[in-house]
Amino acid sequence: MKELSLHILDIAMNSVKAGASLVEIGLEEAGGTLTLTVADNGRGMEPEFLASVADPFTTTRTTRKVGMGIPLLKLAAEQAGGAFSIESAPGEGTALTASFQTGHLDNPPLGDMAATLVSLIQGSPGIDFTYTHTAGGGVSSLDTRELRAALDGVPLDTPDVLAWIQNSIEEEERGLSQ
Amino acid sequence: MKSIEELKKIREETLKNINLRKEDNEHAVRVVVGMATCGIAAGARPVLAACLEEVQKRNLPDVAVTQTGCIGVCRLEPIVEVFAPGEEKVTYVKMTPEKARRVIAEHVVNKQVVTEYTIGAAE
Ligand SMILES: Nc1ncnc2c1ncn2[C@@H]1O[C@H](COP(=O)(O)OP(=O)(O)O)[C@@H](O)[C@H]1O
Ligand SMILES: [Mg+2]
């Protein structure tokens with residue numbers, strides 16, 4: 001993946017597939033480290049499964065087909081001098097953390113977070129997503145629960161609403177990098 | 001977040017021009033974009049955005065753009081499938097935003113399959 005925002009799109013889709021009703025995405029930049037968190041209230045994973053999910057080739061594999069999404073994020077973090085961890089329990093949801101050294105040569109650019117959020121919301125307008133990106137004292141954020149309340153029955157995947165989300169996030173991300 | 005007031009205006013406008021919901025419409029054309037890991041890595045996100053933009057720009061209320069997981073052939077991603085009523089499914093491979101716009105214009109609107117982008121032409 002060329003951008004961290006593409007990993008985020010892929011990882012948040014796991015939460016959607018796991019039946020989550022709320023997916024919380026966080027990005028925190030401080031002291032040369034960018035920390036990504038993705039947390040959901042989906043069905044979670046059994047401990048044995050969880051143990052192999054980030055390293056499908058090094059762990060004794062049973063019958064499941066190998067997924068590449070989580071291993072790719074873990075690899076990206078480690079290649080950028082960061083770390084990866086994942087916690088999950090059946091019925092309790094899943095929370096994953098990946099950190100990156102922003103000054104590292106192999107640190108992927110964040111890329112288009114607005115497009116990632118729009119893709120997620122367009123694909124699953126019934127699910128709630130929150131996004132909080134903090135950097136240098138500023139914050140870029142979105143909470144579909146607030147949008148839903150203001151829209152009062154008009155769906156989140158209405159084209160004009162998606163355009164509003166795209167513009168809103170682009171503007172806030174620009175504000176962060178200044 | 002940007003001003004919620006703007007959203008309220010969007011709400012009013014949307015309610016004024018409400019269309020028949022696409023999903024309820026038997027004449028709807030479905031444009032399905034593969035958004036699993038290989039699809040995303042190969043560039044499915046901008047392909048999806050181009051499909052959505054083109055459908056909105058052309059004001060096509062009978063076209064639904066949706067996402068799906070793995071379509072199965074990683075090396076041919078990004079993949080877009082078009083389901084039109086009374087037609088066989090058409091699978092487009094190695095898509096780009098430009099190709100997606102052409103598929104919307106020629107296939108979805110004018111009912112002419114863009115043969116050169118189909119899986120049959122790639123194999
Ligand atoms: N947030 C999650 N909640 C529950 N199960 C998950 C979650 N994320 C991943 N999984 C499980 O781990 C598997 C591997 O995930 P991943 O590496 O992204 O590959 P893929 O999504 O292609 O299967 C998933 O198929 C799913 O069974
Ligand atoms: Mg996945």
# chains A, B, ... in the order shown; residues from 1 in each chain; ligands from 1

call {"tool": "select_by_dssp", "arguments": {"residues": "range 64-107 of chain B", "states": "alpha helix (DSSP H)", "output": "PyMOL selection string"}}
result
chain B and resi 97-103

call {"tool": "residues_near_ligand", "arguments": {"ligand": "ligand 2", "cutoff": "7 Å", "atoms": "only C-alpha atoms and all ligand atoms", "output": "number ranges by chain"}}
result
A: 10-11, 13-14, 67-70; B: 36-37

call {"tool": "write_last_selection", "arguments": {"atoms": "N, CA and C atoms", "output": "PDB file, in the first residue's frame"}}
result
ATOM      1  N   ASP A  10      -8.564  -0.396   4.518  1.00  0.00           N
ATOM      2  CA  ASP A  10      -8.599  -1.863   4.512  1.00  0.00           C
ATOM      3  C   ASP A  10      -8.869  -2.422   5.910  1.00  0.00           C
ATOM      4  N   ILE A  11      -8.212  -1.851   6.913  1.00  0.00           N
ATOM      5  CA  ILE A  11      -8.351  -2.346   8.287  1.00  0.00           C
ATOM      6  C   ILE A  11      -9.756  -2.042   8.832  1.00  0.00           C
ATOM      7  N   MET A  13     -12.387  -1.873   7.121  1.00  0.00           N
ATOM      8  CA  MET A  13     -13.319  -2.820   6.470  1.00  0.00           C
ATOM      9  C   MET A  13     -13.408  -4.128   7.259  1.00  0.00           C
ATOM     10  N   ASN A  14     -12.330  -4.533   7.922  1.00  0.00           N
ATOM     11  CA  ASN A  14     -12.392  -5.724   8.787  1.00  0.00           C
ATOM     12  C   ASN A  14     -13.430  -5.523   9.877  1.00  0.00           C
ATOM     13  N   GLY A  67      -5.232 -14.072   5.412  1.00  0.00           N
ATOM     14  CA  GLY A  67      -5.548 -12.699   5.048  1.00  0.00           C
ATOM     15  C   GLY A  67      -4.255 -11.900   5.035  1.00  0.00           C
ATOM     16  N   MET A  68      -4.203 -10.849   4.222  1.00  0.00           N
ATOM     17  CA  MET A  68      -2.964 -10.080   4.123  1.00  0.00           C
ATOM     18  C   MET A  68      -3.069  -8.683   4.733  1.00  0.00           C
ATOM     19  N   GLY A  69      -4.289  -8.235   5.030  1.00  0.00           N
ATOM     20  CA  GLY A  69      -4.484  -6.854   5.467  1.00  0.00           C
ATOM     21  C   GLY A  69      -3.726  -6.504   6.739  1.00  0.00           C
ATOM     22  N   ILE A  70      -3.915  -7.300   7.778  1.00  0.00           N
ATOM     23  CA  ILE A  70      -3.256  -7.023   9.056  1.00  0.00           C
ATOM     24  C   ILE A  70      -1.741  -7.229   8.947  1.00  0.00           C
TER      25      ILE A  70
ATOM     26  N   ALA B  36     -11.519  -5.286  -1.523  1.00  0.00           N
ATOM     27  CA  ALA B  36     -10.723  -6.063  -0.568  1.00  0.00           C
ATOM     28  C   ALA B  36      -9.275  -5.557  -0.615  1.00  0.00           C
ATOM     29  N   THR B  37      -8.404  -6.190   0.189  1.00  0.00           N
ATOM     30  CA  THR B  37      -7.021  -5.709   0.307  1.00  0.00           C
ATOM     31  C   THR B  37      -6.331  -5.533  -1.056  1.00  0.00           C
TER      32      THR B  37
END

call {"tool": "closest_residue", "arguments": {"among": "A:Tyr131, A:Phe84, A:Phe100, A:Phe49", "to": "chain B", "atoms": "only C-alpha atoms"}}
result
A:Tyr131

call {"tool": "closest_residue", "arguments": {"among": "A:Leu110, A:Leu147, A:Ile8, A:Leu117", "to": "ligand 1", "atoms": "only C-alpha atoms and all ligand atoms"}}
result
A:Ile8

call {"tool": "residues_around", "arguments": {"residues": "Met35 in chain B", "least_positions_apart": "5", "cutoff": "7 Å", "atoms": "only C-alpha atoms", "output": "NGL selection string"}}
result
:B and (40 or 44 or 67-70)

call {"tool": "interface_residues", "arguments": {"of": "chain B", "to": "chain A", "cutoff": "10 Å", "atoms": "only C-alpha atoms", "output": "VMD selection string"}}
result
chain B and resid 1 to 15 18 35 to 46 48 to 49 52 to 53 55 to 57 65 to 69

call {"tool": "select_by_dssp", "arguments": {"residues": "chain B", "states": "strand (DSSP E)", "output": "compact mmCIF listing (two decimals) with N, CA and C atoms, in the first residue's frame"}}
result
# COMPACT_ATOMS: atom_id res chain seq x y z
N VAL B 29 -29.27 -0.13 -12.47
CA VAL B 29 -28.00 -0.73 -12.87
C VAL B 29 -27.12 -0.70 -11.63
N ARG B 30 -26.44 -1.82 -11.37
CA ARG B 30 -25.52 -1.83 -10.23
C ARG B 30 -24.09 -1.84 -10.72
N VAL B 31 -23.30 -0.92 -10.18
CA VAL B 31 -21.88 -0.85 -10.48
C VAL B 31 -21.17 -1.25 -9.19
N VAL B 32 -20.45 -2.37 -9.22
CA VAL B 32 -19.89 -2.92 -7.99
C VAL B 32 -18.37 -2.87 -8.06
N VAL B 33 -17.77 -2.24 -7.06
CA VAL B 33 -16.31 -2.08 -7.04
C VAL B 33 -15.72 -3.02 -5.98
N GLY B 34 -14.73 -3.80 -6.36
CA GLY B 34 -14.07 -4.72 -5.43
C GLY B 34 -13.14 -3.95 -4.50
N VAL B 63 -28.87 4.39 -11.05
CA VAL B 63 -27.60 3.67 -10.97
C VAL B 63 -27.12 3.65 -9.52
N ALA B 64 -26.85 2.44 -9.02
CA ALA B 64 -26.35 2.30 -7.65
C ALA B 64 -24.90 1.85 -7.70
N VAL B 65 -24.03 2.60 -7.05
CA VAL B 65 -22.62 2.20 -6.94
C VAL B 65 -22.44 1.55 -5.58
N THR B 66 -21.96 0.31 -5.58
CA THR B 66 -21.77 -0.38 -4.30
C THR B 66 -20.38 -1.00 -4.23
N GLN B 67 -20.03 -1.45 -3.03
CA GLN B 67 -18.70 -2.04 -2.82
C GLN B 67 -18.85 -3.51 -2.46
N THR B 68 -17.86 -4.28 -2.82
CA THR B 68 -17.86 -5.68 -2.38
C THR B 68 -16.46 -6.07 -1.96
N VAL B 80 -14.23 -3.91 -11.53
CA VAL B 80 -15.57 -3.31 -11.43
C VAL B 80 -16.53 -4.21 -12.18
N GLU B 81 -17.64 -4.56 -11.54
CA GLU B 81 -18.65 -5.37 -12.22
C GLU B 81 -19.88 -4.51 -12.49
N VAL B 82 -20.46 -4.70 -13.67
CA VAL B 82 -21.68 -3.96 -14.00
C VAL B 82 -22.82 -4.97 -14.18
N PHE B 83 -23.87 -4.77 -13.38
CA PHE B 83 -25.06 -5.61 -13.49
C PHE B 83 -26.19 -4.74 -14.02
N VAL B 90 -21.05 -7.95 -16.50
CA VAL B 90 -19.81 -7.65 -17.22
C VAL B 90 -18.73 -7.31 -16.20
N THR B 91 -17.57 -7.97 -16.30
CA THR B 91 -16.47 -7.75 -15.36
C THR B 91 -15.36 -6.96 -16.06
N TYR B 92 -15.10 -5.78 -15.51
CA TYR B 92 -14.01 -4.94 -16.03
C TYR B 92 -12.79 -5.07 -15.12

call {"tool": "residues_around", "arguments": {"residues": "Thr97 in chain A", "least_positions_apart": "5", "cutoff": "9 Å", "atoms": "only C-alpha atoms", "output": "number ranges by chain"}}
result
A: 35-39, 83-87

call {"tool": "closest_residue", "arguments": {"among": "B:Pro61, B:Cys51, B:Val93, B:Arg101", "to": "Thr115 in chain B", "atoms": "only C-alpha atoms"}}
result
B:Val93

call {"tool": "closest_residue", "arguments": {"among": "A:Val16, A:Ala114, A:Ala80, A:Ile127", "to": "ligand 1", "atoms": "only C-alpha atoms and all ligand atoms"}}
result
A:Val16

call {"tool": "closest_residue", "arguments": {"among": "A:Leu105, A:Leu156, A:Val53, A:Met113", "to": "ligand 1", "atoms": "only C-alpha atoms and all ligand atoms"}}
result
A:Val53

call {"tool": "atom_distance", "arguments": {"atom1": "CA of Gly91 in chain A", "atom2": "CA of Gly44 in chain A"}}
result
5.6 Å

call {"tool": "residues_around", "arguments": {"residues": "Asn41 in chain A", "least_positions_apart": "4", "cutoff": "8 Å", "atoms": "only C-alpha atoms", "output": "PyMOL selection string"}}
result
chain A and resi 15+19-23+91-94

call {"tool": "write_last_selection", "arguments": {"atoms": "C-alpha atoms", "output": "PDB file, in the first residue's frame"}}
result
ATOM      1  CA  SER A  15     -14.410  -4.010  11.516  1.00  0.00           C
ATOM      2  CA  GLY A  19     -20.463  -6.656  12.338  1.00  0.00           C
ATOM      3  CA  ALA A  20     -19.340  -3.564  14.264  1.00  0.00           C
ATOM      4  CA  SER A  21     -21.850  -0.753  14.745  1.00  0.00           C
ATOM      5  CA  LEU A  22     -19.116   1.708  15.743  1.00  0.00           C
ATOM      6  CA  VAL A  23     -15.590   2.010  14.344  1.00  0.00           C
ATOM      7  CA  GLY A  91     -18.086 -10.498  21.817  1.00  0.00           C
ATOM      8  CA  GLU A  92     -15.998  -7.557  22.970  1.00  0.00           C
ATOM      9  CA  GLY A  93     -14.551  -6.140  19.803  1.00  0.00           C
ATOM     10  CA  THR A  94     -11.086  -5.476  18.531  1.00  0.00           C
TER      11      THR A  94
END

call {"tool": "residues_around", "arguments": {"residues": "Gly32 in chain A", "least_positions_apart": "4", "cutoff": "10 Å", "atoms": "only C-alpha atoms", "output": "list in words"}}
result
Phe100, Gln101, Thr102, Gly103 and His104 of chain A

call {"tool": "closest_residue", "arguments": {"among": "B:Ala28, B:Cys74, B:Leu60, B:Ala100", "to": "ligand 1", "atoms": "only C-alpha atoms and all ligand atoms"}}
result
B:Cys74

call {"tool": "atom_distance", "arguments": {"atom1": "CA of Glu78 in chain A", "atom2": "atom 14 (C, counted along the ligand's line) of ligand 1"}}
result
18.5 Å

call {"tool": "residues_around", "arguments": {"residues": "Val113 in chain B", "least_positions_apart": "2", "cutoff": "12 Å", "atoms": "only C-alpha atoms", "output": "list in words"}}
result
Glu81, Val82, Phe83, Ala84, Glu87, Glu88, Lys89, Val90, Thr91, Tyr92, Arg102, Val103, Ile104, Ala105, Glu106, His107, Val108, Val109, Asn110, Lys111, Thr115, Glu116, Tyr117, Thr118, Ile119, Gly120 and Ala121 of chain B
